[in-house]
Amino acid sequence: MIRGNICLNAHPAGCAREVENQISYVRSKNASRGRVPAGPVAGGSHAEGRSKPLGAVLVLGCSTGYGLASRITAAFGYGAATVGVSFEKEGSETRSGTPGWYNNMAFDRAAKKTGLASVTINGDAFSDAVRLRVIESAKTMGLTFDQVIYSLASPVRTDPDTGILYRSVLKPIGAPYSGKTVDPMTGNLMETSAESATEEEIAQTVKVMGGEDWERWITQLEKAGVLSRGCATVAYSYIGPSLSHAIYRDGTIGGAKKHLEQTARTLSAGMSRTIGGSAFVSVNKGLVTRSSAVIPIIPIYLAVLFKVMKERGTHEGCIEQIERLYAERLLAGSPVSVDGDGLIRIDELEMDAAVQGEVVSRLSRISAGAAGAPSGIQDLWDLDGYRHDFLAASGFDIRGIDYEADVARMDTIGEV
Ligand code: NAD
């Protein structure tokens, strides 16, 4: 069931297979990266990464998108024990849970099979109660975190100090915005518009998606003594093409991301003094995840971008992006390579001038000729690829899954 560019249900076995595919991808890169290959070691508990640079990693927002890819890379690429936090709806015998709930089960199952320690906590990462649960888990497991990945994407946050609920909005600042978007299932183009945000909405969005909660996490983890010396923390951001800046980078969410970047600088200064640690923001590629599918202009931009990047052989999904982030930036030696603003850039293939030039030209051709049905534009964009990624994020359209078969229960991913 799809409504308003959101899949309302999920396929348990499809979600599980997609997680396994991502694990296989990371394992397939282990040899070429010179990482210790995956596989159980007789008698040993930690099968992977005997000379691993990562002992333990905390992933906030571990169940889907970039957070899931980070957890998979840390565990199956570098042998890390992982603690993951996400906020997902459980499935019941007859009702679908959210995709991330099935993804977490698939991750935990694969980790266990490989001898990798993993604990998954389903709860509100903005609450101090969940912070305490993470700290307790770390202490029980006898580990400290070498890395903390901050990959939350949420429309709401309750401030633990005041109990006030804040809402983020995706709006432009200063002037209304209108642009095209696409229905991934039909390919129909639609005009979307958003009113300019009020001061209150701008401030609330920073409260939800800015750096306040990230800082609270690091402060409390450090105080509890569960961060390793030299710990690195990384939050994710997006900048994207200038055609989306009015709605994204220069809009409310972009304002929150700038606050996140400022927080990285403050955190880094503090962490380097106390534990020799560091904080980064990594700017990642635009991809189809549950969050990005509802941003105006982004779906149509991504459908064109995918086509152009696939033609050039430079297209990547979440797992390819994050595997490369770890291997070529975060764990490629010190200092970590950053741009003039101190940001890690793993979006460089997307932002390549020739790629962007071609995307802009195709978008204007689509805009000019496309009122209603998109006849004649199939060669300009990769709508099939976009649709696949959109469906795959909920466990549909996955090769090898029989979608005709009855799903006996919706509260399990089944046996392997
Ligand atoms: P996503 O929707 O796939 O994942 C969000 C995660 O946050 C999920 O695990 C969800 O369970 C978790 N979450 C949400 N609210 C929570 C709460 N209250 N408590 C605990 N967990 C909660 O999103 P994504 O697209 O992977 O985005 C993750 C980060 O990457 C965001 O900061 C986003 O801005 C950034 N990013 C996304 C893109 C993109 O194109 N999707 C590009 C660059 C950067």
# chains A, B, ... in the order shown; residues from 1 in each chain; ligands from 1

call {"tool": "residues_near_ligand", "arguments": {"ligand": "ligand 1", "cutoff": "7 Å", "atoms": "only C-alpha atoms and all ligand atoms", "output": "PyMOL selection string"}}
result
chain A and resi 60-68+85-88+100+123-126+151-154+157+235-238+283-292

call {"tool": "select_by_dssp", "arguments": {"residues": "region 113-276 of chain A", "states": "strand (DSSP E)", "output": "ChimeraX atom specification"}}
result
/A:118-122,145-150,156-158,165-167,177-182,189-194,227-237

call {"tool": "atom_distance", "arguments": {"atom1": "CA of Thr120 (chain A)", "atom2": "CA of Asn104 (chain A)"}}
result
7.1 Å

call {"tool": "closest_residue", "arguments": {"among": "A:Ala56, A:Leu189, A:Val336, A:Met410", "to": "Ile300 (chain A)", "atoms": "only C-alpha atoms"}}
result
A:Leu189

call {"tool": "residues_around", "arguments": {"residues": "region 348-356 of chain A", "least_positions_apart": "4", "cutoff": "8 Å", "atoms": "only C-alpha atoms", "output": "number ranges by chain"}}
result
A: 240-241, 285-286, 305, 308-309, 314, 360

call {"tool": "write_last_selection", "arguments": {"atoms": "N, CA and C atoms", "output": "compact mmCIF listing (two decimals), in the first residue's frame"}}
result
# COMPACT_ATOMS: atom_id res chain seq x y z
N GLY A 240 23.48 18.64 -1.73
CA GLY A 240 22.71 18.51 -2.96
C GLY A 240 22.89 19.66 -3.93
N PRO A 241 22.21 19.55 -5.07
CA PRO A 241 22.41 20.51 -6.16
C PRO A 241 21.75 21.85 -5.88
N LYS A 285 25.61 11.16 -0.37
CA LYS A 285 24.87 11.27 -1.63
C LYS A 285 23.35 11.24 -1.39
N GLY A 286 22.61 11.88 -2.25
CA GLY A 286 21.15 11.79 -2.20
C GLY A 286 20.69 10.42 -2.65
N LEU A 305 19.40 11.79 -11.77
CA LEU A 305 20.78 11.59 -11.30
C LEU A 305 21.21 10.13 -11.44
N VAL A 308 22.09 9.29 -15.03
CA VAL A 308 23.36 9.88 -15.47
C VAL A 308 24.53 9.14 -14.80
N MET A 309 24.42 8.87 -13.50
CA MET A 309 25.53 8.22 -12.80
C MET A 309 25.68 6.76 -13.23
N THR A 314 29.22 5.45 -12.06
CA THR A 314 29.58 6.00 -10.74
C THR A 314 28.43 5.94 -9.73
N VAL A 360 21.01 18.83 -14.86
CA VAL A 360 20.24 20.07 -15.01
C VAL A 360 19.66 20.16 -16.42

call {"tool": "select_by_dssp", "arguments": {"residues": "region 79-266 of chain A", "states": "helix (DSSP H, G or I)", "output": "PyMOL selection string"}}
result
chain A and resi 99-114+128-141+199-209+212-223+242-244+252-266

call {"tool": "closest_residue", "arguments": {"among": "A:Ala303, A:Ile135, A:Met190, A:Leu170", "to": "Tyr248 (chain A)", "atoms": "only C-alpha atoms"}}
result
A:Leu170

call {"tool": "closest_atom_pairs", "arguments": {"of": "region 263-314 of chain A", "to": "region 374-383 of chain A", "cutoff": "7 Å", "atoms": "only C-alpha atoms", "output": "CSV"}}
result
residue,atom,partner,partner_atom,distance
A:Ala303,CA,A:Asp382,CA,5.0
A:Val304,CA,A:Trp381,CA,4.1
A:Phe306,CA,A:Asp382,CA,6.0
A:Lys307,CA,A:Asp382,CA,4.8

call {"tool": "atom_distance", "arguments": {"atom1": "CA of Ala117 (chain A)", "atom2": "CA of Glu90 (chain A)"}}
result
22.2 Å

call {"tool": "closest_atom_pairs", "arguments": {"of": "region 169-231 of chain A", "to": "region 255-266 of chain A", "cutoff": "7 Å", "atoms": "only C-alpha atoms", "output": "CSV"}}
result
residue,atom,partner,partner_atom,distance
A:Thr205,CA,A:Ala256,CA,6.2
A:Val206,CA,A:Ala256,CA,4.2
A:Met209,CA,A:Ala256,CA,5.4
A:Gly210,CA,A:Ala256,CA,4.2
A:Gly211,CA,A:Leu260,CA,4.2

call {"tool": "atom_distance", "arguments": {"atom1": "CA of Ser127 (chain A)", "atom2": "CA of Gly225 (chain A)"}}
result
19.0 Å

call {"tool": "residues_around", "arguments": {"residues": "Ile319 (chain A)", "least_positions_apart": "6", "cutoff": "8 Å", "atoms": "only C-alpha atoms", "output": "list in words"}}
result
Gln22, Tyr25, Val26, Tyr66, Ala69, Ser70 and Thr73 of chain A

call {"tool": "write_last_selection", "arguments": {"atoms": "all heavy atoms", "output": "tab-separated table (two decimals), in the first residue's frame"}}
result
chain	number	residue	atom	x	y	z
A	22	GLN	N	23.12	-6.51	1.50
A	22	GLN	CA	24.08	-5.47	1.90
A	22	GLN	C	25.28	-6.09	2.64
A	22	GLN	O	26.42	-5.69	2.45
A	22	GLN	CB	23.41	-4.44	2.81
A	22	GLN	CG	22.41	-3.56	2.06
A	22	GLN	CD	22.02	-2.30	2.84
A	22	GLN	OE1	22.81	-1.75	3.59
A	22	GLN	NE2	20.80	-1.85	2.65
A	25	TYR	N	27.50	-7.57	0.11
A	25	TYR	CA	28.29	-6.55	-0.60
A	25	TYR	C	29.54	-6.19	0.21
A	25	TYR	O	30.65	-6.15	-0.31
A	25	TYR	CB	27.45	-5.29	-0.87
A	25	TYR	CG	28.29	-4.18	-1.43
A	25	TYR	CD1	28.66	-4.19	-2.77
A	25	TYR	CD2	28.79	-3.16	-0.62
A	25	TYR	CE1	29.50	-3.21	-3.30
A	25	TYR	CE2	29.62	-2.18	-1.13
A	25	TYR	CZ	29.97	-2.20	-2.46
A	25	TYR	OH	30.80	-1.24	-2.97
A	26	VAL	N	29.34	-5.94	1.52
A	26	VAL	CA	30.48	-5.54	2.36
A	26	VAL	C	31.51	-6.67	2.41
A	26	VAL	O	32.71	-6.44	2.29
A	26	VAL	CB	29.99	-5.15	3.77
A	26	VAL	CG1	31.15	-5.02	4.74
A	26	VAL	CG2	29.21	-3.85	3.72
A	66	TYR	N	21.01	5.14	5.79
A	66	TYR	CA	22.45	5.28	6.05
A	66	TYR	C	22.88	4.67	7.38
A	66	TYR	O	24.01	4.20	7.52
A	66	TYR	CB	22.83	6.76	6.00
A	66	TYR	CG	23.07	7.22	4.58
A	66	TYR	CD1	22.35	8.25	4.01
A	66	TYR	CD2	24.04	6.59	3.80
A	66	TYR	CE1	22.58	8.65	2.69
A	66	TYR	CE2	24.28	6.98	2.49
A	66	TYR	CZ	23.55	8.00	1.95
A	66	TYR	OH	23.78	8.39	0.65
A	69	ALA	N	23.26	0.89	6.86
A	69	ALA	CA	24.47	0.63	6.07
A	69	ALA	C	25.72	0.82	6.94
A	69	ALA	O	26.71	0.08	6.80
A	69	ALA	CB	24.51	1.55	4.86
A	70	SER	N	25.67	1.77	7.86
A	70	SER	CA	26.82	2.01	8.74
A	70	SER	C	27.01	0.82	9.69
A	70	SER	O	28.13	0.36	9.92
A	70	SER	CB	26.59	3.26	9.59
A	70	SER	OG	26.31	4.36	8.78
A	73	THR	N	28.42	-2.12	7.74
A	73	THR	CA	29.83	-1.94	7.38
A	73	THR	C	30.73	-2.12	8.60
A	73	THR	O	31.75	-2.81	8.55
A	73	THR	CB	30.05	-0.54	6.76
A	73	THR	OG1	29.19	-0.41	5.63
A	73	THR	CG2	31.49	-0.33	6.34

call {"tool": "residues_around", "arguments": {"residues": "Val182 (chain A)", "least_positions_apart": "4", "cutoff": "12 Å", "atoms": "only C-alpha atoms", "output": "number ranges by chain"}}
result
A: 4-5, 186-192, 293-304, 366-367, 370-374, 381-383, 386-387
